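Asker: Before I ask anything, let me first share the structure, which is written out below as structure tokens.
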Protein chains: 2
Amino acid sequence: MFQLTGEYECKMDAKGRIKLPAGLIRQLSGSGSLSFVINRGFEKCLMLYPKQVWDKKTQEVNQLNIYNPKERQFIRYFYRGATEVSTDSAERILVPKSLIEYALLDKELMLLAYHEQIEIWSKDRYAAMLETEPEEFSELAAEVFGNRQSPGTD
Amino acid sequence: MFQLTGEYECKMDAKGRIKLPAGLIRQLSGSGSLSFVINRGFEKCLMLYPKQVWDKKTQEVNQLNIYNPKERQFIRYFYRGATEVSTDSAERILVPKSLIEYALLDKELMLLAYHEQIEIWSKDRYAAMLETEPEEFSELAAEVFGNRQSPGTD
DNA sequence: GGGTAAAAGTGGGTAAAAGTGGGTTTTTCT
DNA sequence: AGAAAAACCCACTTTTACCCACTTTTACCC
């Protein structure tokens, strides 16, 4: 559906609006008013899903059995904070206050787009998150890229 | 897909533009506007991937399970800094400021192309990197290639 | 081997695009 | 109805892409 890529530096203004970078808009194919769902992500970042992606995901989650405690818990966790947002006339989205608090966002942000989603981080916390190479990175890389020729990764 | 080779000396201008050497362009088969993805590499160099190569890699990375903490972190680390860049009318790419800082790039650069990717180094740091003890290198080679024939390093 | 034409590389001005901020109107909620 | 929040609009700043001109290097030919 999407094959998003890119790290973008951007800013949130005093009203909690984020201008989506032009490069990202371009990948989301098309101008017009774009629609997303935003919710709480792991490690206290926010996740932004194009509406179509969100719809696909909810369909899967809705298959789960709410009478099963674990699955019930997952459903709640999945939906936590989910809010629909769309771009205004200047291609900005308005982030709900509760989510701004959750992710400790301030003026300076980083967006990390991959696959079908976009993570939103405060610039500081993003830098801190990437500071250390994950353990077993090379092992995982070997698995992911096949363990023969140079995994390359980056 | 590609079998890039070569060490190229080149320059970055005050605007952060790098002219890709003609020899490299030739290997990338074709003129026209070329598209790449650049991101942070190991040892603080930058990595430049032809767009097709990047897409192939992301396809594999996107198979990972975002609900698994290790795999999630791997995804983020893999993507860190990723920015799409394409050549301008003079076959130059514009390197994002944040990546210039990361790799401590200044005017004089070295490009090292191998396999399907291109490393970008400041000339100084490239020289320093290559200075690392040759003795260690042979041990390294022995380890990497086991006791089979040597590939003829250089 | 040197002159010359072509290709490669470099630099900067400028118009257009992207990003930013804030005032004002409209909507919504109580 | 009044307050608060959201959407709209406009103006301004910053960044990027395009264009053109100039320098340097390479390749070729006599």
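Residue names in the structure tokens use chain letters A, B, ... in the order shown, residue numbers from 1 in each chain, and ligand numbers from 1 in the order shown.
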Got a sec to pull out which chain D residues are within 9 Å of chain B, counting only C-alpha atoms (C1' of nucleotides), and send them as a CSV table (one decimal) with N, CA and C atoms (P, O5', C5', C4', C3', O3' and C1' of nucleotides), in the first residue's frame?
Answerer:
```csv
chain,number,residue,atom,x,y,z
D,17,DA,P,15.5,20.4,-3.9
D,17,DA,O5',15.3,21.2,-5.2
D,17,DA,C5',14.0,21.7,-5.6
D,17,DA,C4',14.1,22.5,-6.9
D,17,DA,C3',14.9,21.8,-8.0
D,17,DA,O3',14.2,22.0,-9.2
D,17,DA,C1',15.9,23.9,-7.5
D,18,DC,P,14.6,21.3,-10.5
D,18,DC,O5',15.1,22.6,-11.4
D,18,DC,C5',14.2,23.7,-11.5
D,18,DC,C4',14.9,24.9,-12.0
D,18,DC,C3',15.8,24.6,-13.3
D,18,DC,O3',15.3,25.4,-14.3
D,18,DC,C1',17.0,25.8,-11.7
D,19,DC,P,15.8,25.1,-15.8
D,19,DC,O5',16.9,26.3,-16.0
D,19,DC,C5',16.5,27.6,-15.5
D,19,DC,C4',17.7,28.5,-15.5
D,19,DC,C3',18.7,28.3,-16.7
D,19,DC,O3',18.8,29.5,-17.4
D,19,DC,C1',19.9,28.3,-14.6
```
Asker: Taking a cut-off of 8 Å and counting only C-alpha atoms, can you build a table that, for each residue of chain A near chain B, reports the nearest atom pair and how far apart they are in Å (one decimal), sorted by chain then residue number, as JSON lines?
Answerer:
```
{"residue": "A:Thr5", "atom": "CA", "partner": "B:Ala82", "partner_atom": "CA", "distance": 6.8}
{"residue": "A:Gly6", "atom": "CA", "partner": "B:Ala82", "partner_atom": "CA", "distance": 4.7}
{"residue": "A:Glu7", "atom": "CA", "partner": "B:Gly81", "partner_atom": "CA", "distance": 5.2}
{"residue": "A:Tyr8", "atom": "CA", "partner": "B:Thr83", "partner_atom": "CA", "distance": 7.8}
{"residue": "A:Leu112", "atom": "CA", "partner": "B:Arg80", "partner_atom": "CA", "distance": 7.8}
{"residue": "A:Tyr114", "atom": "CA", "partner": "B:Tyr79", "partner_atom": "CA", "distance": 7.4}
{"residue": "A:His115", "atom": "CA", "partner": "B:Asn62", "partner_atom": "CA", "distance": 6.0}
{"residue": "A:Leu130", "atom": "CA", "partner": "B:Tyr77", "partner_atom": "CA", "distance": 6.6}
{"residue": "A:Glu133", "atom": "CA", "partner": "B:Tyr77", "partner_atom": "CA", "distance": 7.3}
{"residue": "A:Pro134", "atom": "CA", "partner": "B:Gln73", "partner_atom": "CA", "distance": 6.6}
{"residue": "A:Phe137", "atom": "CA", "partner": "B:Phe74", "partner_atom": "CA", "distance": 6.6}
{"residue": "A:Leu140", "atom": "CA", "partner": "B:Phe74", "partner_atom": "CA", "distance": 7.6}
{"residue": "A:Val144", "atom": "CA", "partner": "B:Glu60", "partner_atom": "CA", "distance": 6.3}
{"residue": "A:Phe145", "atom": "CA", "partner": "B:Glu60", "partner_atom": "CA", "distance": 7.0}
{"residue": "A:Thr153", "atom": "CA", "partner": "B:Phe78", "partner_atom": "CA", "distance": 6.7}
{"residue": "A:Asp154", "atom": "CA", "partner": "B:Gly41", "partner_atom": "CA", "distance": 4.8}
```
Asker: Write down as a PyMOL selection string the residues belonging to chain B that are assigned strand (DSSP E or B) by DSSP computed on the backbone.
Answerer: chain B and resi 4-12+17-19+35-40+46-50+83-86+92-94+108-115+117-122
Asker: Next, the residues of the selection above should be written as a PDB file, in the first residue's frame with C-alpha atoms.
Answerer:
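Contents of the output file again39.pdb:
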```
ATOM      1  CA  LEU B   4      29.687  -0.598  -7.888  1.00  0.00           C
ATOM      2  CA  THR B   5      33.377  -0.051  -7.437  1.00  0.00           C
ATOM      3  CA  GLY B   6      35.646   2.837  -6.908  1.00  0.00           C
ATOM      4  CA  GLU B   7      37.123   5.448  -4.702  1.00  0.00           C
ATOM      5  CA  TYR B   8      36.397   9.009  -5.743  1.00  0.00           C
ATOM      6  CA  GLU B   9      37.671  12.272  -4.426  1.00  0.00           C
ATOM      7  CA  CYS B  10      35.176  15.081  -4.631  1.00  0.00           C
ATOM      8  CA  LYS B  11      33.934  18.300  -3.167  1.00  0.00           C
ATOM      9  CA  MET B  12      30.895  19.597  -1.389  1.00  0.00           C
ATOM     10  CA  ARG B  17      25.762  19.895  -2.771  1.00  0.00           C
ATOM     11  CA  ILE B  18      27.946  17.039  -3.987  1.00  0.00           C
ATOM     12  CA  LYS B  19      28.636  16.496  -7.643  1.00  0.00           C
ATOM     13  CA  SER B  35      17.312   8.958  -7.289  1.00  0.00           C
ATOM     14  CA  PHE B  36      18.945   7.839  -4.075  1.00  0.00           C
ATOM     15  CA  VAL B  37      18.363   7.404  -0.395  1.00  0.00           C
ATOM     16  CA  ILE B  38      21.011   8.663   1.975  1.00  0.00           C
ATOM     17  CA  ASN B  39      21.267   7.810   5.653  1.00  0.00           C
ATOM     18  CA  ARG B  40      23.597   7.507   8.594  1.00  0.00           C
ATOM     19  CA  LEU B  46      27.037   8.412   5.312  1.00  0.00           C
ATOM     20  CA  MET B  47      25.551   5.737   3.090  1.00  0.00           C
ATOM     21  CA  LEU B  48      24.085   6.435  -0.277  1.00  0.00           C
ATOM     22  CA  TYR B  49      21.870   3.817  -1.894  1.00  0.00           C
ATOM     23  CA  PRO B  50      20.387   3.906  -5.357  1.00  0.00           C
ATOM     24  CA  THR B  83      16.283  10.953   3.178  1.00  0.00           C
ATOM     25  CA  GLU B  84      15.447  10.686  -0.461  1.00  0.00           C
ATOM     26  CA  VAL B  85      17.684  12.772  -2.679  1.00  0.00           C
ATOM     27  CA  SER B  86      17.875  13.146  -6.409  1.00  0.00           C
ATOM     28  CA  ARG B  92      24.588  16.963  -7.798  1.00  0.00           C
ATOM     29  CA  ILE B  93      22.784  15.747  -4.720  1.00  0.00           C
ATOM     30  CA  LEU B  94      21.877  17.960  -1.796  1.00  0.00           C
ATOM     31  CA  GLU B 108      36.875  17.729   0.799  1.00  0.00           C
ATOM     32  CA  LEU B 109      35.167  14.385   0.542  1.00  0.00           C
ATOM     33  CA  MET B 110      35.845  10.815  -0.446  1.00  0.00           C
ATOM     34  CA  LEU B 111      33.295   8.476  -1.904  1.00  0.00           C
ATOM     35  CA  LEU B 112      33.782   4.763  -1.596  1.00  0.00           C
ATOM     36  CA  ALA B 113      31.535   2.718  -3.834  1.00  0.00           C
ATOM     37  CA  TYR B 114      31.182  -1.009  -3.377  1.00  0.00           C
ATOM     38  CA  HIS B 115      28.565  -3.594  -4.159  1.00  0.00           C
ATOM     39  CA  GLN B 117      26.137   1.278  -2.071  1.00  0.00           C
ATOM     40  CA  ILE B 118      28.331   4.289  -1.683  1.00  0.00           C
ATOM     41  CA  GLU B 119      29.957   5.524   1.484  1.00  0.00           C
ATOM     42  CA  ILE B 120      30.555   9.231   1.918  1.00  0.00           C
ATOM     43  CA  TRP B 121      33.428  10.372   4.126  1.00  0.00           C
ATOM     44  CA  SER B 122      35.208  13.580   4.846  1.00  0.00           C
TER      45      SER B 122
END
```
Asker: If you measure from atom CA of Ala14 of chain A to atom C1' of DG22 of chain C, what distance in Å do you get, rounded to one decimal?
Answerer: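 These two atoms are separated by 10.0 Å.
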Asker: Kindly provide, as a list in words, the residues of chain C having any atom no farther than 8 Å from an atom of chain A, counting only C-alpha atoms (C1' of nucleotides).
Answerer: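 Contact residues on the first chain: DA18, DG19 and DG21 of chain C.
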Asker: Fewer than 6 positions away in the same chain doesn't count, so skip those; otherwise give me all residues within 12 Å of DA5 of chain C, counting only C-alpha atoms (C1' of nucleotides), as a compact mmCIF listing (two decimals) with N, CA and C atoms (P, O5', C5', C4', C3', O3' and C1' of nucleotides), in the first residue's frame.
Answerer:
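result_33.txt was written with the following content:
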```
# COMPACT_ATOMS: atom_id res chain seq x y z
P DT D 26 42.19 14.53 -14.87
O5' DT D 26 41.61 14.08 -16.28
C5' DT D 26 40.20 13.89 -16.41
C4' DT D 26 39.85 13.77 -17.88
C3' DT D 26 40.72 12.76 -18.65
O3' DT D 26 39.84 11.78 -19.18
C1' DT D 26 40.49 14.81 -19.85
P DA D 27 40.47 10.51 -19.97
O5' DA D 27 40.26 10.93 -21.49
C5' DA D 27 39.00 11.46 -21.90
C4' DA D 27 39.07 11.82 -23.35
C3' DA D 27 39.87 10.84 -24.21
O3' DA D 27 39.13 10.62 -25.41
C1' DA D 27 40.79 13.01 -24.43
P DC D 28 39.63 9.54 -26.48
O5' DC D 28 40.00 10.47 -27.73
C5' DC D 28 39.15 11.58 -28.05
C4' DC D 28 39.91 12.50 -28.98
C3' DC D 28 40.72 11.75 -30.04
O3' DC D 28 40.26 12.18 -31.31
C1' DC D 28 42.00 13.48 -29.01
P DC D 29 40.71 11.35 -32.64
O5' DC D 29 41.54 12.45 -33.41
C5' DC D 29 41.11 13.83 -33.35
C4' DC D 29 42.27 14.68 -33.77
C3' DC D 29 43.14 14.08 -34.87
O3' DC D 29 43.29 15.00 -35.92
C1' DC D 29 44.48 14.81 -33.06
```
Asker: How many Å lie between atom CA of Lys51 of chain B and atom CA of Ala141 of chain A, rounded to one decimal?
Answerer: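 Interatomic distance, atom CA of Lys51 of chain B to atom CA of Ala141 of chain A: 19.5 Å.
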